[in-house]
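A.B. asks: See query.cif below, with mmCIF, C-alpha atoms.
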```cif
data_input
#
loop_
_atom_site.label_atom_id
_atom_site.label_comp_id
_atom_site.auth_asym_id
_atom_site.auth_seq_id
_atom_site.Cartn_x
_atom_site.Cartn_y
_atom_site.Cartn_z
CA MET A 1 100.60 82.39 89.47
CA ALA A 2 102.73 84.16 92.03
CA ILE A 3 101.00 85.64 95.03
CA VAL A 4 103.05 87.52 97.59
CA THR A 5 102.23 89.45 100.69
CA ASN A 6 103.91 92.60 99.35
CA HIS A 7 106.59 93.72 96.92
CA GLU A 8 109.25 93.91 99.59
CA ALA A 9 108.70 90.50 101.13
CA GLU A 10 108.28 87.96 98.35
CA THR A 11 109.41 84.97 100.38
CA THR A 12 106.95 85.14 103.26
CA GLU A 13 105.04 82.08 104.33
CA ASP A 14 101.97 83.32 102.47
CA ALA A 15 103.77 83.09 99.11
CA VAL A 16 102.43 80.63 96.57
CA VAL A 17 104.68 78.53 94.33
CA PRO A 18 105.12 80.35 90.98
CA SER A 19 103.52 78.96 87.84
CA SER A 20 104.24 79.21 84.12
CA ARG A 21 102.31 82.49 84.01
CA ASP A 22 104.98 84.30 86.05
CA ASP A 23 106.73 85.94 83.08
CA ALA A 24 103.60 87.65 81.81
CA ALA A 25 102.52 88.52 85.34
CA LEU A 26 105.88 90.00 86.25
CA LYS A 27 105.94 92.07 83.08
CA ALA A 28 102.49 93.45 83.88
CA ASP A 29 103.58 94.17 87.44
CA ALA A 30 106.76 95.91 86.33
CA ALA A 31 104.81 98.10 83.93
CA ALA A 32 102.29 98.86 86.65
CA GLU A 33 104.99 99.82 89.12
CA ALA A 34 106.52 102.21 86.60
CA SER A 35 103.19 103.77 85.68
CA GLY A 36 102.09 103.67 89.32
CA ALA A 37 105.08 105.70 90.42
CA GLN A 38 104.22 108.34 87.83
CA ALA A 39 100.54 108.22 88.80
CA ALA A 40 101.44 108.75 92.45
CA LYS A 41 103.32 111.91 91.49
CA THR A 42 100.29 113.08 89.55
CA ARG A 43 97.90 112.34 92.39
CA ARG A 44 99.87 113.74 95.26
CA GLY A 45 101.82 116.52 93.55
CA ALA A 46 104.75 118.00 95.41
CA LEU A 47 103.63 117.66 99.02
CA ALA A 48 105.71 119.74 101.39
CA THR A 49 107.96 117.86 103.80
CA SER A 50 107.29 120.28 106.66
CA GLY A 51 105.36 123.39 107.60
CA SER A 52 101.69 123.95 106.83
CA PRO A 53 99.41 125.17 104.05
CA LEU A 54 98.71 128.88 103.66
CA VAL A 55 95.41 128.33 105.48
CA ARG A 56 94.34 125.23 107.38
CA PRO A 57 90.71 124.15 107.00
CA PRO A 58 88.54 125.48 109.86
CA ALA A 59 87.94 121.95 111.19
CA ALA A 60 91.71 121.48 111.55
CA ALA A 61 92.72 125.03 112.46
CA HIS A 62 93.41 124.02 116.08
CA LEU A 63 96.17 121.58 115.06
CA SER A 64 99.83 122.55 115.17
CA ASP A 65 102.33 121.55 112.49
CA GLU A 66 103.81 118.99 114.90
CA GLN A 67 100.40 117.45 115.59
CA VAL A 68 99.62 117.15 111.88
CA ALA A 69 103.01 115.55 111.25
CA GLU A 70 102.44 113.04 114.05
CA LEU A 71 98.93 112.28 112.75
CA GLY A 72 100.49 111.58 109.36
CA ARG A 73 103.00 109.19 110.88
CA GLU A 74 100.22 107.32 112.71
CA LEU A 75 98.23 106.88 109.52
CA ASP A 76 101.35 105.82 107.62
CA ALA A 77 101.91 103.16 110.26
CA ILE A 78 98.33 101.87 109.85
CA LYS A 79 98.80 101.59 106.10
CA ASP A 80 102.20 99.91 106.46
CA ASP A 81 100.69 97.36 108.84
CA ILE A 82 97.96 96.45 106.33
CA LEU A 83 100.42 96.21 103.45
CA ALA A 84 102.63 93.91 105.51
CA LYS A 85 99.67 91.61 106.25
CA ARG A 86 98.39 91.25 102.69
CA GLY A 87 98.54 87.66 101.60
CA SER A 88 96.76 84.55 100.43
CA SER A 89 93.55 85.28 102.36
CA ASP A 90 93.17 88.62 100.59
CA ALA A 91 93.90 87.06 97.21
CA ALA A 92 91.32 84.36 97.92
CA TYR A 93 88.79 87.06 98.81
CA ILE A 94 88.98 88.94 95.51
CA ARG A 95 89.00 85.73 93.48
CA ARG A 96 85.91 84.57 95.39
CA MET A 97 84.17 87.89 94.69
CA ILE A 98 84.94 87.60 90.97
CA LYS A 99 83.64 84.02 90.92
CA ILE A 100 80.43 85.02 92.71
CA GLN A 101 79.92 88.01 90.42
CA ARG A 102 80.35 85.97 87.26
CA GLY A 103 78.00 83.32 88.60
CA LEU A 104 75.35 85.95 89.30
CA GLU A 105 75.74 87.45 85.84
CA ILE A 106 75.55 84.14 84.00
CA SER A 107 72.54 83.07 86.08
CA GLY A 108 70.81 86.40 85.57
CA ARG A 109 71.28 86.49 81.81
CA ALA A 110 70.30 82.81 81.47
CA THR A 111 67.08 83.42 83.43
CA LEU A 112 66.24 86.44 81.29
CA LEU A 113 66.36 84.16 78.24
CA VAL A 114 63.11 82.60 79.49
CA SER A 115 61.66 85.69 81.14
CA ARG A 116 58.18 85.70 79.60
CA ASN A 117 57.26 84.36 83.01
CA LYS A 118 57.02 87.26 85.47
CA ALA A 119 58.82 85.40 88.26
CA ALA A 120 61.67 84.55 85.89
CA TRP A 121 61.91 88.20 84.79
CA ILE A 122 62.11 89.44 88.40
CA THR A 123 64.66 86.76 89.30
CA GLY A 124 66.83 87.34 86.24
CA THR A 125 66.73 91.13 86.58
CA THR A 126 67.59 90.93 90.29
CA LEU A 127 70.53 88.59 89.72
CA LEU A 128 71.89 90.74 86.90
CA SER A 129 71.47 93.91 88.97
CA LEU A 130 73.42 92.37 91.84
CA ALA A 131 76.11 91.19 89.43
CA LYS A 132 76.53 94.65 87.91
CA ILE A 133 76.66 96.35 91.32
CA LEU A 134 79.23 93.86 92.62
CA GLU A 135 81.38 94.19 89.48
CA ASN A 136 81.37 97.98 89.55
CA MET A 137 81.69 98.63 93.25
CA GLU A 138 83.66 95.88 94.98
CA ILE A 139 85.60 94.57 92.01
CA GLY A 140 86.06 97.06 89.16
CA HIS A 141 86.47 100.25 91.17
CA ASN A 142 88.96 98.66 93.54
CA VAL A 143 90.93 96.72 90.95
CA LEU A 144 91.32 99.93 88.93
CA HIS A 145 92.75 101.61 92.03
CA GLY A 146 95.56 99.05 92.01
CA GLN A 147 94.42 97.43 95.25
CA TRP A 148 95.23 93.96 93.91
CA ASP A 149 98.28 94.72 91.73
CA TRP A 150 100.55 93.19 94.39
CA MET A 151 99.17 89.75 93.44
CA ARG A 152 100.97 90.00 90.09
CA ASP A 153 97.99 88.46 88.35
CA PRO A 154 97.57 90.02 84.90
CA ASP A 155 93.87 89.13 84.97
CA ILE A 156 93.22 91.16 88.14
CA HIS A 157 95.39 94.18 87.49
CA SER A 158 94.78 97.91 87.26
CA THR A 159 96.53 98.08 83.86
CA THR A 160 94.44 95.34 82.23
CA TRP A 161 91.01 95.33 83.87
CA GLU A 162 88.06 96.66 81.84
CA TRP A 163 84.87 97.03 83.83
CA ASP A 164 81.14 96.76 83.12
CA PHE A 165 80.67 100.53 82.87
CA VAL A 166 80.34 102.68 79.74
CA THR A 167 83.32 104.91 80.52
CA PRO A 168 86.62 103.28 79.52
CA ALA A 169 88.73 102.21 82.50
CA ARG A 170 91.77 104.27 81.47
CA SER A 171 89.75 107.48 81.13
CA TRP A 172 88.16 106.96 84.53
CA GLN A 173 91.50 106.22 86.18
CA HIS A 174 92.78 109.61 85.00
CA THR A 175 89.87 111.72 86.24
CA HIS A 176 89.30 109.66 89.37
CA ASN A 177 92.62 108.26 90.59
CA ASP A 178 94.92 110.99 89.34
CA LEU A 179 92.74 114.08 89.80
CA HIS A 180 89.90 113.47 92.26
CA HIS A 181 91.98 111.60 94.83
CA ARG A 182 94.73 114.19 94.67
CA TRP A 183 92.46 117.24 94.90
CA THR A 184 89.59 115.81 96.92
CA ASN A 185 86.88 118.46 97.40
CA VAL A 186 89.16 121.37 96.42
CA VAL A 187 86.79 123.73 94.63
CA GLY A 188 88.35 124.75 91.34
CA LYS A 189 90.62 121.70 91.15
CA ASP A 190 88.35 118.73 91.86
CA ASN A 191 85.67 118.70 89.18
CA ASP A 192 83.93 115.85 91.01
CA VAL A 193 82.37 118.62 93.11
CA GLY A 194 79.22 118.70 91.01
CA TYR A 195 80.68 116.92 87.96
CA ASN A 196 80.48 120.19 85.95
CA LEU A 197 76.69 119.86 86.20
CA LEU A 198 75.47 120.37 89.75
CA ARG A 199 76.12 123.17 92.21
CA MET A 200 77.24 121.23 95.30
CA ASP A 201 79.14 123.89 97.26
CA PRO A 202 78.40 127.50 98.26
CA GLN A 203 81.81 128.52 96.86
CA GLN A 204 80.57 127.66 93.38
CA GLU A 205 79.07 130.72 91.69
CA TRP A 206 75.28 130.56 91.50
CA LYS A 207 73.69 130.86 88.06
CA PRO A 208 70.02 130.61 87.02
CA PHE A 209 70.91 127.24 85.47
CA ASN A 210 71.40 125.91 89.01
CA LEU A 211 67.67 126.16 89.73
CA GLY A 212 67.42 122.82 87.97
CA ASN A 213 69.80 121.13 90.46
CA PRO A 214 67.19 118.62 91.77
CA LEU A 215 65.96 117.78 88.26
CA TYR A 216 69.48 117.28 86.91
CA ASN A 217 70.36 115.02 89.82
CA ALA A 218 67.18 112.97 89.42
CA ILE A 219 67.94 112.46 85.73
CA LEU A 220 71.62 111.73 86.42
CA ALA A 221 70.98 108.88 88.88
CA PRO A 222 69.48 106.24 86.52
CA VAL A 223 71.96 107.10 83.72
CA PHE A 224 74.94 107.68 86.02
CA GLU A 225 77.37 105.61 83.94
CA TRP A 226 76.65 107.78 80.89
CA GLY A 227 77.05 110.95 82.93
CA ILE A 228 80.45 109.77 84.16
CA ALA A 229 81.45 108.77 80.60
CA ILE A 230 80.72 112.29 79.34
CA TYR A 231 82.42 113.83 82.36
CA ASP A 232 85.54 111.73 81.75
CA LEU A 233 85.90 113.31 78.30
CA GLU A 234 86.92 116.53 80.11
CA LEU A 235 84.99 118.68 77.65
CA GLN A 236 85.44 121.72 79.89
CA ASP A 237 89.22 121.34 79.67
CA TYR A 238 88.96 121.11 75.89
CA LYS A 239 86.76 124.21 75.77
CA GLU A 240 89.28 126.15 77.88
CA GLY A 241 92.22 125.02 75.75
CA ASN A 242 93.71 122.71 78.38
CA LYS A 243 93.07 119.56 76.35
CA SER A 244 94.11 119.07 72.74
CA LYS A 245 91.78 118.12 69.93
CA GLU A 246 93.86 114.99 69.35
CA ALA A 247 93.40 113.91 72.98
CA LEU A 248 89.66 114.53 72.80
CA VAL A 249 89.32 112.55 69.54
CA LYS A 250 91.28 109.68 71.11
CA ASP A 251 88.99 109.68 74.16
CA LEU A 252 85.86 109.88 71.99
CA LYS A 253 87.05 106.89 69.96
CA ALA A 254 87.73 104.86 73.13
CA LEU A 255 84.30 105.77 74.49
CA GLY A 256 82.61 104.85 71.21
CA ILE A 257 84.26 101.42 71.17
CA LYS A 258 83.38 100.78 74.82
CA ALA A 259 79.78 101.98 74.42
CA LEU A 260 79.31 99.72 71.40
CA LYS A 261 80.56 96.71 73.35
CA GLN A 262 78.26 97.48 76.30
CA PHE A 263 75.29 98.10 74.02
CA THR A 264 75.90 94.90 72.10
CA LYS A 265 76.18 92.79 75.25
CA ASP A 266 73.16 94.19 77.08
CA TYR A 267 70.76 95.44 74.44
CA ALA A 268 71.49 93.24 71.43
CA ALA A 269 73.06 89.87 72.27
CA THR A 270 71.00 88.93 75.34
CA PRO A 271 67.62 90.02 73.87
CA ALA A 272 68.47 88.41 70.50
CA VAL A 273 69.06 85.00 72.09
CA ALA A 274 65.97 85.47 74.27
CA MET A 275 63.86 85.91 71.11
CA LEU A 276 64.24 82.17 70.55
CA THR A 277 61.95 81.60 73.54
CA GLY A 278 59.73 84.59 72.81
CA SER A 279 61.37 86.56 75.64
CA GLY A 280 63.29 89.15 73.61
CA LYS A 281 61.31 92.16 74.80
CA GLN A 282 61.39 91.02 78.43
CA ALA A 283 65.16 90.41 78.26
CA LEU A 284 65.70 93.91 76.86
CA TYR A 285 63.62 95.44 79.66
CA GLY A 286 65.53 93.30 82.16
CA THR A 287 68.97 94.51 81.06
CA LEU A 288 67.73 98.11 80.91
CA THR A 289 66.36 97.77 84.45
CA ALA A 290 69.53 96.11 85.78
CA ASN A 291 71.68 98.95 84.42
CA ALA A 292 69.33 101.56 85.89
CA VAL A 293 69.35 99.84 89.31
CA ARG A 294 73.15 99.67 89.25
CA ASN A 295 73.40 103.32 88.23
CA VAL A 296 71.02 104.57 90.93
CA TRP A 297 72.88 102.58 93.57
CA ALA A 298 76.33 103.75 92.42
CA HIS A 299 75.09 107.36 92.31
CA ALA A 300 73.71 107.10 95.86
CA VAL A 301 76.90 105.56 97.29
CA ILE A 302 79.22 108.05 95.59
CA PHE A 303 77.15 111.07 96.60
CA CYS A 304 76.81 109.80 100.18
CA GLY A 305 80.59 109.58 100.43
CA HIS A 306 81.26 113.13 99.29
CA PHE A 307 78.36 115.51 99.80
CA PRO A 308 76.39 114.94 103.06
CA GLU A 309 76.34 117.56 105.77
CA GLY A 310 79.57 117.32 107.74
CA THR A 311 81.86 116.92 104.72
CA ASP A 312 84.13 119.89 104.11
CA THR A 313 85.24 121.50 100.87
CA PHE A 314 88.46 123.42 100.48
CA THR A 315 89.94 126.47 98.81
CA GLU A 316 93.16 126.38 96.82
CA GLU A 317 94.84 128.30 99.66
CA MET A 318 94.14 125.33 101.93
CA VAL A 319 96.22 122.99 99.76
CA GLU A 320 99.05 125.35 98.90
CA GLY A 321 102.04 123.98 100.84
CA GLU A 322 100.17 121.10 102.45
CA THR A 323 102.20 118.23 103.86
CA ARG A 324 101.35 114.55 103.75
CA GLY A 325 99.74 114.94 107.16
CA ASP A 326 97.63 117.82 105.88
CA TRP A 327 96.63 115.72 102.86
CA TYR A 328 95.47 113.01 105.26
CA VAL A 329 93.50 115.56 107.30
CA ARG A 330 91.77 116.82 104.16
CA GLN A 331 90.74 113.31 103.16
CA MET A 332 89.23 112.65 106.60
CA ILE A 333 87.20 115.83 106.92
CA GLY A 334 86.22 115.91 103.25
CA SER A 335 84.64 112.44 103.18
CA ALA A 336 81.74 110.64 104.85
CA ASN A 337 81.00 107.02 105.73
CA ILE A 338 77.82 104.95 105.63
CA SER A 339 77.04 102.69 108.58
CA GLY A 340 75.30 99.36 108.05
CA SER A 341 75.58 95.59 107.68
CA LYS A 342 78.41 93.58 106.16
CA PHE A 343 76.26 92.95 103.10
CA MET A 344 75.68 96.67 102.67
CA HIS A 345 79.42 97.33 102.93
CA LEU A 346 80.05 94.65 100.30
CA MET A 347 77.50 96.06 97.88
CA THR A 348 78.98 99.54 98.21
CA GLY A 349 82.38 98.14 97.28
CA ASN A 350 83.34 99.09 100.84
CA LEU A 351 82.99 102.73 99.77
CA SER A 352 80.73 102.92 102.79
CA HIS A 353 84.19 103.32 104.36
CA GLN A 354 84.77 106.36 102.17
CA ILE A 355 87.01 108.08 104.73
CA GLU A 356 89.33 105.09 104.89
CA HIS A 357 89.23 104.70 101.11
CA HIS A 358 90.29 108.30 100.60
CA LEU A 359 93.12 107.86 103.08
CA PHE A 360 94.31 104.56 101.63
CA PRO A 361 92.88 104.14 98.10
CA ASP A 362 95.30 101.33 97.24
CA ILE A 363 94.89 98.93 100.16
CA PRO A 364 92.56 95.93 99.65
CA SER A 365 88.93 96.97 100.16
CA ASN A 366 88.23 94.01 102.46
CA ARG A 367 90.62 95.62 104.97
CA TYR A 368 88.72 98.91 105.37
CA ALA A 369 86.46 97.57 108.12
CA GLU A 370 89.59 96.61 110.08
CA VAL A 371 91.09 100.06 109.62
CA ALA A 372 87.97 102.14 110.33
CA PRO A 373 87.97 101.97 114.18
CA LYS A 374 91.62 103.05 114.26
CA VAL A 375 90.93 106.02 111.98
CA GLN A 376 87.90 107.01 114.04
CA GLU A 377 89.98 106.89 117.22
CA ILE A 378 92.62 109.13 115.64
CA CYS A 379 89.96 111.63 114.57
CA LYS A 380 88.57 111.72 118.10
CA ARG A 381 91.99 112.15 119.68
CA TYR A 382 92.96 115.00 117.36
CA GLY A 383 89.58 116.73 117.59
CA LEU A 384 88.59 116.09 113.97
CA PRO A 385 85.10 115.19 112.73
CA TYR A 386 84.39 111.64 111.60
CA THR A 387 81.18 111.86 109.58
CA THR A 388 79.10 108.70 109.36
CA GLY A 389 75.46 107.62 109.39
CA PRO A 390 72.96 105.12 107.95
CA ILE A 391 72.37 105.29 104.22
CA TRP A 392 68.89 106.80 104.50
CA LYS A 393 70.31 109.68 106.52
CA GLN A 394 73.25 110.27 104.17
CA VAL A 395 71.06 110.12 101.07
CA GLY A 396 68.57 112.53 102.65
CA SER A 397 71.35 114.91 103.68
CA THR A 398 72.82 114.88 100.18
CA TRP A 399 69.50 115.58 98.51
CA ALA A 400 68.83 118.38 101.00
CA LYS A 401 72.08 119.98 99.86
CA VAL A 402 71.09 119.52 96.20
CA PHE A 403 67.86 121.45 96.82
CA LYS A 404 69.46 124.09 99.04
CA LEU A 405 72.22 124.95 96.60
CA ALA A 406 69.78 125.20 93.71
CA LEU A 407 68.73 128.53 95.19
CA PRO A 408 70.73 131.74 95.01
CA PRO A 409 72.70 132.64 98.16
CA LYS A 410 70.97 134.95 100.57
CA LYS A 411 72.15 138.53 100.45
CA ALA A 412 74.14 139.58 103.50
#
```
Rewrite the structure of this file - the entire thing - as structure tokens.
C.D. replies:
Amino acid sequence: MAIVTNHEAETTEDAVVPSSRDDAALKADAAAEASGAQAAKTRRGALATSGSPLVRPPAAAHLSDEQVAELGRELDAIKDDILAKRGSSDAAYIRRMIKIQRGLEISGRATLLVSRNKAAWITGTTLLSLAKILENMEIGHNVLHGQWDWMRDPDIHSTTWEWDFVTPARSWQHTHNDLHHRWTNVVGKDNDVGYNLLRMDPQQEWKPFNLGNPLYNAILAPVFEWGIAIYDLELQDYKEGNKSKEALVKDLKALGIKALKQFTKDYAATPAVAMLTGSGKQALYGTLTANAVRNVWAHAVIFCGHFPEGTDTFTEEMVEGETRGDWYVRQMIGSANISGSKFMHLMTGNLSHQIEHHLFPDIPSNRYAEVAPKVQEICKRYGLPYTTGPIWKQVGSTWAKVFKLALPPKKA
């Protein structure tokens, strides 16, 4: 298997001697590079090479075009530095994470097979919950962003990975990588602002339906993967005539196949084997609980990165004519971080560094902690907010917004 530090420097001292798998790996990498180039165009659109958007966001209104351009060059340099340093230690990291995750999952499912004992049920459910969180957050999400494509390993590649989540990987990559990361927090373009369900910004028109904001969010959390799966179907686009019936049928078929596989693995196979020890019911409850725990955690992390007080949303005027520097600015002031321990960062998939992830979605996640102080220093120097706080604060702030925006706006 060929591992290189980057595509431009394949003969660095970190390179590993190629193996017989190179042909397949290189083919996967070539296909990914071709599709990745197209995806980049989709995500970024036609960013202007100079000038400024029609209106700069209030938090960045004090910056001149020259300052924004220089800020962009500084952030480009940070990314280039990380890309140049990628190598065997990063590859070892992701392989170690995959090995740990699979060990946790096997151990958790095996323990649930004998889970008539309460201690065994708690242990098995906990191990499986940790495995699902680790797979979704630190592995699946980041692999599907292409963070590890440079390794040229077809088993850890954005074009081949299928994660432990109901929504098919390819559908999620479209709505998340191509749309959300391009139009982050732009009301009217980024449907992640409320997921077509919640009112999460004052710019969104209030309707009586929004009174249920807190209830909808409480229901969404434990079934988050199903909510995302439905969202990824882009039913609103189909309703408005922006998505063909053929495309919708194709997505529904892919979702049906994926849902059947997930259902079979968690709610049929594991409980069926556990019936041999009289633990079938307990194993079913264990897998249900593990999925709910994973969903609640993923929901909390995602919402903390996008909706706490201090994160900005944007109008379409604010992105019309934006440069790469302006795009960077929007990512910084439209995202929020979560402070905490190394273990907490790991279990969030390093999305606790949401600001850095939105700036550099395709650098290895284990590098975000290294990048964060540099980004924070740039924000301070350019007079831009850098929103961060412990998870309890960010969760509380997000829920406060959910309740606040359930109510109609006050009349002027």
A.B. asks: Within 8 Å of segment 194-204 of chain A, counting all atoms listed in the file, which residues show up once you throw out same-chain ones fewer than 5 positions away? Write them as a PDB file with C-alpha atoms, keeping the file's coordinate frame, please.
C.D. replies:
```pdb
ATOM      1  CA  VAL A 187      86.790 123.730  94.630  1.00  0.00           C
ATOM      2  CA  ASN A 210      71.400 125.910  89.010  1.00  0.00           C
ATOM      3  CA  ASN A 213      69.800 121.130  90.460  1.00  0.00           C
ATOM      4  CA  TYR A 216      69.480 117.280  86.910  1.00  0.00           C
ATOM      5  CA  ASN A 217      70.360 115.020  89.820  1.00  0.00           C
ATOM      6  CA  TYR A 231      82.420 113.830  82.360  1.00  0.00           C
ATOM      7  CA  GLN A 236      85.440 121.720  79.890  1.00  0.00           C
ATOM      8  CA  PHE A 307      78.360 115.510  99.800  1.00  0.00           C
ATOM      9  CA  THR A 313      85.240 121.500 100.870  1.00  0.00           C
ATOM     10  CA  LYS A 401      72.080 119.980  99.860  1.00  0.00           C
ATOM     11  CA  VAL A 402      71.090 119.520  96.200  1.00  0.00           C
ATOM     12  CA  LEU A 405      72.220 124.950  96.600  1.00  0.00           C
ATOM     13  CA  ALA A 406      69.780 125.200  93.710  1.00  0.00           C
ATOM     14  CA  PRO A 409      72.700 132.640  98.160  1.00  0.00           C
TER      15      PRO A 409
END
```
A.B. asks: Please, what distance in Å, to one decimal, runs between atom CA of Asp237 of chain A and atom CA of Asp190 of chain A?
C.D. replies: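 A separation of 12.5 Å between them.
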A.B. asks: Which protein, DNA or RNA residues are at most 12 Å from (103.0, 114.0, 111.9) in the file's coordinates when you count only C-alpha atoms, listed as number ranges by chain?
C.D. replies: A: 49-52, 63-77, 323-329, 382
A.B. asks: Could the residues in this selection be saved with C-alpha atoms as a PDB file, keeping the file's coordinate frame?
C.D. replies:
```pdb
ATOM      1  CA  THR A  49     107.960 117.860 103.800  1.00  0.00           C
ATOM      2  CA  SER A  50     107.290 120.280 106.660  1.00  0.00           C
ATOM      3  CA  GLY A  51     105.360 123.390 107.600  1.00  0.00           C
ATOM      4  CA  SER A  52     101.690 123.950 106.830  1.00  0.00           C
ATOM      5  CA  LEU A  63      96.170 121.580 115.060  1.00  0.00           C
ATOM      6  CA  SER A  64      99.830 122.550 115.170  1.00  0.00           C
ATOM      7  CA  ASP A  65     102.330 121.550 112.490  1.00  0.00           C
ATOM      8  CA  GLU A  66     103.810 118.990 114.900  1.00  0.00           C
ATOM      9  CA  GLN A  67     100.400 117.450 115.590  1.00  0.00           C
ATOM     10  CA  VAL A  68      99.620 117.150 111.880  1.00  0.00           C
ATOM     11  CA  ALA A  69     103.010 115.550 111.250  1.00  0.00           C
ATOM     12  CA  GLU A  70     102.440 113.040 114.050  1.00  0.00           C
ATOM     13  CA  LEU A  71      98.930 112.280 112.750  1.00  0.00           C
ATOM     14  CA  GLY A  72     100.490 111.580 109.360  1.00  0.00           C
ATOM     15  CA  ARG A  73     103.000 109.190 110.880  1.00  0.00           C
ATOM     16  CA  GLU A  74     100.220 107.320 112.710  1.00  0.00           C
ATOM     17  CA  LEU A  75      98.230 106.880 109.520  1.00  0.00           C
ATOM     18  CA  ASP A  76     101.350 105.820 107.620  1.00  0.00           C
ATOM     19  CA  ALA A  77     101.910 103.160 110.260  1.00  0.00           C
ATOM     20  CA  THR A 323     102.200 118.230 103.860  1.00  0.00           C
ATOM     21  CA  ARG A 324     101.350 114.550 103.750  1.00  0.00           C
ATOM     22  CA  GLY A 325      99.740 114.940 107.160  1.00  0.00           C
ATOM     23  CA  ASP A 326      97.630 117.820 105.880  1.00  0.00           C
ATOM     24  CA  TRP A 327      96.630 115.720 102.860  1.00  0.00           C
ATOM     25  CA  TYR A 328      95.470 113.010 105.260  1.00  0.00           C
ATOM     26  CA  VAL A 329      93.500 115.560 107.300  1.00  0.00           C
ATOM     27  CA  TYR A 382      92.960 115.000 117.360  1.00  0.00           C
TER      28      TYR A 382
END
```
A.B. asks: Evaluating the PyMOL selection byres ((chain A and resi 126-143) around 7) on the displayed file yields which residues, as a PyMOL selection string?
C.D. replies: chain A and resi 101+104-105+107-109+122-125+144-148+156-158+163-164+290-291+293-294+346-350+365
A.B. asks: Just to confirm, what's the straight-line distance from atom CA of Leu384 of chain A to atom CA of Ile333 of chain A in Å (one decimal)?
C.D. replies: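 Computing it gives 7.2 Å between the two atoms.
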A.B. asks: Selected by the PyMOL selection byres ((chain A and resi 175) around 10) in the shown coordinates: which residues, as an NGL selection string?
C.D. replies: :A and (170-174 or 176-181 or 190-192 or 228 or 231-234)
A.B. asks: Of the candidates A:Cys379, A:Leu252, A:Val371, A:Ala298, which one gets nearest to Gln331 of chain A if we count only C-alpha atoms?
C.D. replies: A:Cys379
A.B. asks: I'd like the interatomic distance between atom CA of Val166 of chain A and atom CA of Gly212 of chain A, to a tenth of an Å.
C.D. replies: 25.3 Å
A.B. asks: Please determine, counting all atoms listed in the file, which residue among A:Asp312, A:Glu225, A:Glu205, A:Asp155 has the shortest atom-to-atom distance to Ile94 of chain A.
C.D. replies: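 The shortest atom-to-atom distance to Ile94 of chain A comes from A:Asp155.
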A.B. asks: Here is a test: counting only C-alpha atoms, which residue of A:Leu255, A:Val114, A:Ala60, A:Leu407 is nearest to Trp206 of chain A?
C.D. replies: A:Leu407
A.B. asks: Pull out every residue that the PyMOL selection byres ((chain A and resi 262-272) around 10) matches in the shown coordinates and put them as a ChimeraX atom specification.
C.D. replies: /A:109-110,112-113,164-167,256-261,273-288,290-291
A.B. asks: Based on the selection just made, write C-alpha atoms of those residues as a CSV table (one decimal), in the coordinates of the input.
C.D. replies:
```csv
chain,number,residue,atom,x,y,z
A,109,ARG,CA,71.3,86.5,81.8
A,110,ALA,CA,70.3,82.8,81.5
A,112,LEU,CA,66.2,86.4,81.3
A,113,LEU,CA,66.4,84.2,78.2
A,164,ASP,CA,81.1,96.8,83.1
A,165,PHE,CA,80.7,100.5,82.9
A,166,VAL,CA,80.3,102.7,79.7
A,167,THR,CA,83.3,104.9,80.5
A,256,GLY,CA,82.6,104.8,71.2
A,257,ILE,CA,84.3,101.4,71.2
A,258,LYS,CA,83.4,100.8,74.8
A,259,ALA,CA,79.8,102.0,74.4
A,260,LEU,CA,79.3,99.7,71.4
A,261,LYS,CA,80.6,96.7,73.4
A,273,VAL,CA,69.1,85.0,72.1
A,274,ALA,CA,66.0,85.5,74.3
A,275,MET,CA,63.9,85.9,71.1
A,276,LEU,CA,64.2,82.2,70.6
A,277,THR,CA,62.0,81.6,73.5
A,278,GLY,CA,59.7,84.6,72.8
A,279,SER,CA,61.4,86.6,75.6
A,280,GLY,CA,63.3,89.2,73.6
A,281,LYS,CA,61.3,92.2,74.8
A,282,GLN,CA,61.4,91.0,78.4
A,283,ALA,CA,65.2,90.4,78.3
A,284,LEU,CA,65.7,93.9,76.9
A,285,TYR,CA,63.6,95.4,79.7
A,286,GLY,CA,65.5,93.3,82.2
A,287,THR,CA,69.0,94.5,81.1
A,288,LEU,CA,67.7,98.1,80.9
A,290,ALA,CA,69.5,96.1,85.8
A,291,ASN,CA,71.7,99.0,84.4
```
A.B. asks: Considering all atoms listed in the file, can you say which of A:Ala400, A:Ala48, A:Met332, A:Ile363 comes closest to Ile378 of chain A?
C.D. replies: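 The answer is A:Met332, which sits nearest to Ile378 of chain A.
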A.B. asks: Hey, could you pull the box centre and edge lengths for segment 241-259 of chain A, axis-aligned, 6 Å padding per side, all listed atoms, to one decimal in Å, as AutoDock Vina command-line options?
C.D. replies:
```
--center_x 86.9 --center_y 112.9 --center_z 73.9 --size_x 26.3 --size_y 36.2 --size_z 21.0
```
A.B. asks: Rank nothing, just name the residue among A:Gly227, A:Pro361, A:Gly87, A:Pro57 nearest to Trp150 of chain A, using all atoms listed in the file.
C.D. replies: A:Gly87
A.B. asks: Can you work out which one of A:Gly305, A:Pro222, A:Pro390, A:Pro58 has the shortest atom-to-atom distance to Gln354 of chain A, counting only C-alpha atoms?
C.D. replies: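 Ranked by minimum distance to Gln354 of chain A, first place goes to A:Gly305.
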A.B. asks: Write out as a list in words the residues lying within 8 Å of His306 of chain A, counting only C-alpha atoms and excluding same-chain residues fewer than 3 positions away.
C.D. replies: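 Neighbouring residues, sequence-local ones excluded: Asn185, Ile302, Phe303, Thr311, Gly334, Ser335 and Ala336 of chain A.
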A.B. asks: List as a PyMOL selection string the protein and nucleic acid residues near Leu220 of chain A, meaning an atom at most 9 Å away when only C-alpha atoms are counted, but skip any in the same chain fewer than 5 places from it.
C.D. replies: chain A and resi 215+225-227+295-296+299
